Every structure is written in structure tokens, then in C-alpha cells.
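Below: one structure, written as C-alpha cells.
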Amino acid sequence: MDKLMKNLATIVIVFIVISGILILSQESAPKPEDISLSTLVTQINAGQVKNIDVSLNDLSIELLDGKKENTQKEAESSLTETLKNYGVDSAKLSSVSVDIKKESNASFWTTTILPFLLPFLLVGGLVWFMLRQAQRGNSQAMNFGLSRARLLDPKNKNKRVKFDDVAGSKEAKEELSEIVEFLKHPKKFLAMGAKIPKGVLLLGSPGTGKTLIAKAVAGEAGVPFFNISGSEFVEMFVGVGASRVRDLFKQAKKSAPAIVFIDEIDAVGRHRGAGLGGGHDEREQTLNQILVEMDGFETETNVIVIAATNRPDVLDPALLRPGRFDRRVTMDLPDINDREAILKIHLKGKPLDEQVNVRRLSERTPGFSGADLANLVNEAAILATRRSLKTIGMSELAESIEKVILGPERKSRVINEKEKSIIAYHEAGHALIAASLPNADPVQKISIISRGNAGGYTLAVPTEDKSLHSSEYFQDELAVLLGGFSAERLTFNDTTTGPSNDLERATALARGMVTRYGMSRLGARTFGHKEELVFLGKELREERNYSDETAKMIDAEVAKFLEDALLRATTILTEKKVLLKVIADTLLQQETIEKDEFDAIISGKPFVKVEKVSQKDADEAASEIDVDSTKA
């Protein structure tokens, strides 16, 4: 309806514009003067008339000076007879050129028929236009229940993705390679009595490559790939989602062998009965239809459903039972070797400086997903372009890591000298504690340049990936987190709001050590049970399964962990107060300290800054720094 009104408004505006142009053009032309027949006779007798054009009873007169006039003759008589009745001089009239014009058919239509037919034509055109729009609306309504899945043709080599294009995820590839074999050689498995898997559920954090590896399965098998998001099934009209599910599986069966990929299946696959609307909820009807279609597959139907989600905890149990999603493949965050391979894929084809060390980049990006690494490389390319460089250097890539983690630099932020000094000592405290404790992560960079919401930052990342953390590691991390707070209080005999986020993280870590990991004197047990309210989104409710007396003990243990960590941090900074001042003064002078320079400050060795070295020299220098830091 809105589209119809817009089209009508467009037609009316065009009609008004055309009419205005015609009116203006007519007004701009000089209009002939209307005169009487007696005046015309006087002008003829005076020898002023050059030409007279006769069209029925209308007379168009042109004088010798070029002026034009109009008048009308008598209808019952000719022009000569009419003029003689008004006393015209015959000799003068003979010198005037008289042209008699016959009325053409076009003139008859434009003057007589068209004014009569024009309203009927406009009404008829409007009715036709409205009927055409209504017919188009009915056509759209008929297509409303059809699937909106996007088809990736296996013959399109430009968009085809294979396992070689997916770095890392070795175990996932091995698990999914069986699916490729099922699609390529189904008869071999059917001969052994094996049933083709009906569904594969890809689990993993956002950005770990679930969609990419699903495309790779279709690319390896060379089968059509139907891609749709779970949210595209759900509409405000009841039954539309179920209709689209039926149409999707109908198309897939026609193109079998094929793969149906449903991204973010938790949009329709959430636990039934957890939300509002009961059994008549549109989302639940869509889920029911998916369950029926997956159960309705015949043995010889070579269609496999691959679904992806990062919220497997909210999925309905009926989706997860055997016979529907038979396989579950977990896509973990990439380890250091996988990150190196992913970076090489994204750096492929880009102009790189010879100093770029991909291994060093992979070491500095723990916890990065594949999407984060792709964004890192893209940000580095943009940064190199803005700096008018011909190659992407290590400095651009390193700066992009910080941008992905913390956000862009805010160099324009005005900070007074007092606050700048507090920030410098705060970050120096973090870095010095991290360098002094054996289990803390090594410092890669310190900066007092504001990024995001942080006034400054200390970038400390582990040298190797860790999946298990010890109590000693957590205790050292607590001391590092409280290092900034301790440095401010020790140097300025006061504290600011700067360490608020550090205190929040330290408190959460200490409480986790007591209530989740059994690392306190309360013994090997957990306290509290967190339950997610599914229909309220990510809202959590913690159920207390302990007494008030135990709650006091938990608070006491948390306080003890924090007090011990603060005491350790204060002791170290007191003993190394001179070194703390050196780090802070260096930050105030140059705003950033890289790993090599920081290691030199800690070890007391002179540091020589080299602008550009070869790849071989850079690797040798890196190995020497690692050896020195180990000795320290």
C-alpha cells in the first residue's frame, strides 16, 4: 500500500511539473491583441495590414510592423463580404495577402475530442495501475512462504571454498571429511548398512569459522550449498516459518546430494516451553517443522543439515538427540600454530615488509579468533595506506593488535601533567610487578596513550597457549592487577578512580578462586549455582546453595587473597622504587615502551634503538632477549 501511494504521488508530481512548464512557455510567448472588425477595416484602408490568415471564423492578422492581432468574422458570410459591409476599400484589400486554412484532423481531435476523452483516459489509467499493483501484491503474498535460502553453486569456482582455505581446525576437518565421503560415495556406505548422518552441529565462539568450514564441506564434496539464517524463518505471521522450512527442504531434495546450512540455529531452536506464547508460538512451530523434516529424510536422500551456534546450552533437547544432529563438531579458538597459519592466509597477496615476523604476531594474539585475525590484517593494511606506505610493516600490524583489543588511539585527548604522571606510575606498577613474578605473563608493551576507555595500558600476553591455570598463576595475576593501585598509593600517598577496572577484575578473580576452583581453605567444593533465564536473554540468576555463615567465610577468603596480593605488590614496588621511577620517567618522555626496551630497563643493560634490521638479525635479537629475560 505504501508503495502504491508513493507511485501515485510520483505521477501527480510529474503531471503538475509538465503542466507548469506548458503554462510558463505559453505565458512567455507574446499574446496577440484582440481587435474589432471595424478596427481591422480602418487598418486595411490605412495600408497597415500585411497578411490575414483565415481559420473558420478566426482571423489572425499580421501588420507591416510585425505586430500580430486576432479577431473574428461573421459566421454566416465570407471574409470579403464581411469587410465590405464594414466599408473596406477594395483597392486596399487587394494588396493584403489572405490565406484560408482548412481545419486538420489533428486540430479537430485536440480541440474537440481530446478535452472530452482526457478525464476518462486518466481514470482508466489509474484503475489499471491499481489493479497491477494489487496483482503484484498477491504474487508477493504467494511467495511469502517460500524459502529465502541462498544457493551456492558448486560449479562457481570463484566462490568455492575448500579445506585448504581454512587454516587450523585439524580435528574438525577430520570429522567433517567423513561427511564429504558420505556425499561423494553414498552407495559405498549404504552397502555396509550404514546410515547417512542427518545433521552436523557446529559449536564454537563467534568468529571461529563455523560458516567457512561448512562452505568448505560443500566445496570438497562438490554439492549445492543452501545457506540461510535461523532468524529468516521467523515472521510475525503464524505458519510462515514452517512453510519456509518445508520449501527449503523441498528444494534441497530436488538438488540432492546437497547441504543445508542453518546459521545461528538458536534463533529458532531454543528450548520449547521456556518463553512466552505456548505451543502456538511461531518460533516453536518453525522448530517443530525442522524436527519433522529431519526425521522425514529417507535413507537414500543425500541431504545433510549443518547448523551453527555459539549457544548450545539453550537448544531444545529434541534437536540434539541421535537421528537429528548425529555429529557435534567443536570449533575452538585457534592455538599459536593455527593463528600463524590463519595470518599467513590473510597476509597472502598483500605487500609485506621483510621485517614482518608472523610467528611473533601469533605469539602476541592469544585468544584471537579467525575473524579477529582477519580484522587485524585489514586494519594494518588500512593503517599502512593512511601513512602512504608501499608495504605493511611490523609496526602497523603490532598497532592493529592493540586497536583490535582496546580500540583506536585517542592522541587528541588533553591530559594535564599531574594525571599523566599518575597514569605513567600506574602502568609502570603493572609492568614492574609482571616482570618480577615468575608465573605472570611477560610484558609486550606499555603505553600511556589513551585507547578506548583506558587512559593507558600494559599489554602482557603469555608466550604459549594455556588451557589450565594454577593457583600460583592466579595469585601472581592478582598482584599484577593491584600493581597500579599500589604504585599510585606508594608514589602519591593517595588513590584515584583509575584502578577501578583493575579492582573489579581482581575481585572477580579472587571470588572465582574461592567459589569455582576450590583454591581456598574452604576445600574442594563450589559455591553457588548460576542459572540462565532463557526467555530473558543473557540474564543470570545465582542460586545460593550455602548458608550465611559460609557466605561470611567466602568473603573472608576473598579479602585474604586480595590483601595478600596487595601486600606482595607493595613489597616489590617498595624494594624497586628506583626502577619504578625509571620506567615512569621513560613513559613520560616517549609515551610508549616496547618489549625490547622494557627488558633492557629491567636487566639494567643499555638499549640501542634500531630503526630497520634484516629478518635474520631480528630473529637473532629476539632469541637473545628471550634468553636474557629467562635469566632475569
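Quick note on naming: the chains in the C-alpha cells go A, B, ... in the order shown, residues restart at 1 in each chain, and ligands are numbered from 1 in order of appearance.
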*asked:* I want to know what sits within 12 Å of Tyr425 (chain A), based on only C-alpha atoms, with residues of the same chain fewer than 4 positions away left out; could you give that as a ChimeraX atom specification?
replied: /A:418-421,429-432,446-448,456-458,483-492,495,498-499,573,577-588,591
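The spacing separating CA of Gly523 (chain A) from CA of Thr550 (chain A) amounts to 11.9 Å.
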Can you pull out every residue within 8 Å of Leu481 (chain A), counting only C-alpha atoms, but drop anything in the same chain fewer than 2 positions away, and send it as a PDB file with N, CA, C and O atoms, in the first residue's frame?
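Output below, filename part-v4.pdb:
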ATOM      1  N   HIS A 430      52.055  -1.902  37.094  1.00  0.00           N
ATOM      2  CA  HIS A 430      51.609  -3.167  36.475  1.00  0.00           C
ATOM      3  C   HIS A 430      52.797  -3.903  35.849  1.00  0.00           C
ATOM      4  O   HIS A 430      52.987  -5.108  36.061  1.00  0.00           O
ATOM      5  N   GLU A 477      48.740 -13.089  39.116  1.00  0.00           N
ATOM      6  CA  GLU A 477      47.898 -12.183  38.333  1.00  0.00           C
ATOM      7  C   GLU A 477      47.172 -11.191  39.230  1.00  0.00           C
ATOM      8  O   GLU A 477      46.975 -10.026  38.858  1.00  0.00           O
ATOM      9  N   LEU A 478      46.761 -11.631  40.421  1.00  0.00           N
ATOM     10  CA  LEU A 478      46.135 -10.714  41.365  1.00  0.00           C
ATOM     11  C   LEU A 478      47.110  -9.597  41.746  1.00  0.00           C
ATOM     12  O   LEU A 478      46.731  -8.420  41.820  1.00  0.00           O
ATOM     13  N   ALA A 479      48.365  -9.969  41.993  1.00  0.00           N
ATOM     14  CA  ALA A 479      49.371  -8.960  42.340  1.00  0.00           C
ATOM     15  C   ALA A 479      49.602  -7.991  41.183  1.00  0.00           C
ATOM     16  O   ALA A 479      49.755  -6.779  41.388  1.00  0.00           O
ATOM     17  N   GLY A 483      48.929  -3.948  40.997  1.00  0.00           N
ATOM     18  CA  GLY A 483      50.184  -3.206  40.906  1.00  0.00           C
ATOM     19  C   GLY A 483      49.971  -1.729  40.637  1.00  0.00           C
ATOM     20  O   GLY A 483      50.683  -0.871  41.180  1.00  0.00           O
ATOM     21  N   GLY A 484      48.999  -1.385  39.792  1.00  0.00           N
ATOM     22  CA  GLY A 484      48.726   0.022  39.503  1.00  0.00           C
ATOM     23  C   GLY A 484      48.187   0.747  40.718  1.00  0.00           C
ATOM     24  O   GLY A 484      48.591   1.884  41.019  1.00  0.00           O
ATOM     25  N   ASP A 502      40.687  -2.459  37.399  1.00  0.00           N
ATOM     26  CA  ASP A 502      41.621  -3.444  37.955  1.00  0.00           C
ATOM     27  C   ASP A 502      41.056  -4.075  39.220  1.00  0.00           C
ATOM     28  O   ASP A 502      41.147  -5.292  39.419  1.00  0.00           O
ATOM     29  N   LEU A 503      40.469  -3.258  40.090  1.00  0.00           N
ATOM     30  CA  LEU A 503      39.901  -3.775  41.339  1.00  0.00           C
ATOM     31  C   LEU A 503      38.713  -4.693  41.060  1.00  0.00           C
ATOM     32  O   LEU A 503      38.546  -5.715  41.732  1.00  0.00           O
ATOM     33  N   ARG A 505      38.213  -6.530  38.322  1.00  0.00           N
ATOM     34  CA  ARG A 505      38.718  -7.796  37.783  1.00  0.00           C
ATOM     35  C   ARG A 505      39.400  -8.623  38.862  1.00  0.00           C
ATOM     36  O   ARG A 505      39.250  -9.847  38.925  1.00  0.00           O
ATOM     37  N   ALA A 506      40.161  -7.963  39.741  1.00  0.00           N
ATOM     38  CA  ALA A 506      40.837  -8.695  40.812  1.00  0.00           C
ATOM     39  C   ALA A 506      39.831  -9.320  41.768  1.00  0.00           C
ATOM     40  O   ALA A 506      39.995 -10.480  42.191  1.00  0.00           O
TER      41      ALA A 506
END
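Distance annotation: of A:Pro322, A:Pro366, A:Gly47, A:Gly125, the residue with the minimal separation from Lys92 (chain A) is A:Gly47; atom set is only C-alpha atoms.
Minimum atom-to-atom distances from A:Gln285, A:Lys466, A:Lys576, A:Lys253 to Gly241 (chain A) were compared using only C-alpha atoms, and the lowest value belongs to A:Gln285.
The spacing separating CA of Pro351 (chain A) from CA of Thr385 (chain A) amounts to 11.2 Å.
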*asked:* What's around Met331 (chain A) at 8 Å? Count only C-alpha atoms, leave out sequence neighbours fewer than 6 positions away in its own chain, and write the answer as a PyMOL selection string.
replied: chain A and resi 169+172+202-205+208-210
*DSSP alpha helix (DSSP H) residues within region 157-340 of chain A, listed as an MDAnalysis selection string*: chainID A and resid 170:184 186:191 210:221 240:254 282:295 317:320 336:340
*Mind checking which residues fall within 10 Å of Gly367 (chain A), counting only C-alpha atoms, ignoring those fewer than 4 positions away in the same chain, and posting them as a VMD selection string?*
chain A and resid 333 to 336 339 372 461 465 to 466
Could the residues in this selection be written to a file with C-alpha atoms, as an mmCIF file, in the first residue's frame?
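Contents of again-v3.cif, as written:
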data_model
loop_
_atom_site.group_PDB
_atom_site.id
_atom_site.type_symbol
_atom_site.label_atom_id
_atom_site.label_comp_id
_atom_site.auth_asym_id
_atom_site.auth_seq_id
_atom_site.Cartn_x
_atom_site.Cartn_y
_atom_site.Cartn_z
ATOM 1 C CA LEU A 333 39.760 -20.685 19.308
ATOM 2 C CA PRO A 334 42.961 -21.219 17.280
ATOM 3 C CA ASP A 335 46.188 -22.073 19.090
ATOM 4 C CA ILE A 336 49.524 -20.438 18.288
ATOM 5 C CA ARG A 339 46.946 -18.451 14.370
ATOM 6 C CA ASP A 372 39.805 -11.137 14.863
ATOM 7 C CA VAL A 461 50.392 -11.870 26.880
ATOM 8 C CA ASP A 465 48.715 -21.015 24.908
ATOM 9 C CA LYS A 466 47.268 -22.190 28.211
#
_I want to know what sits within 12 Å of His346 (chain A), based on only C-alpha atoms, with residues of the same chain fewer than 6 positions away left out; could you give that as JSON, numbers by chain?_
{"A": [165, 166, 167, 339, 340, 352, 358, 370, 371, 372, 373, 374, 375, 376, 377, 378, 379, 380, 381]}
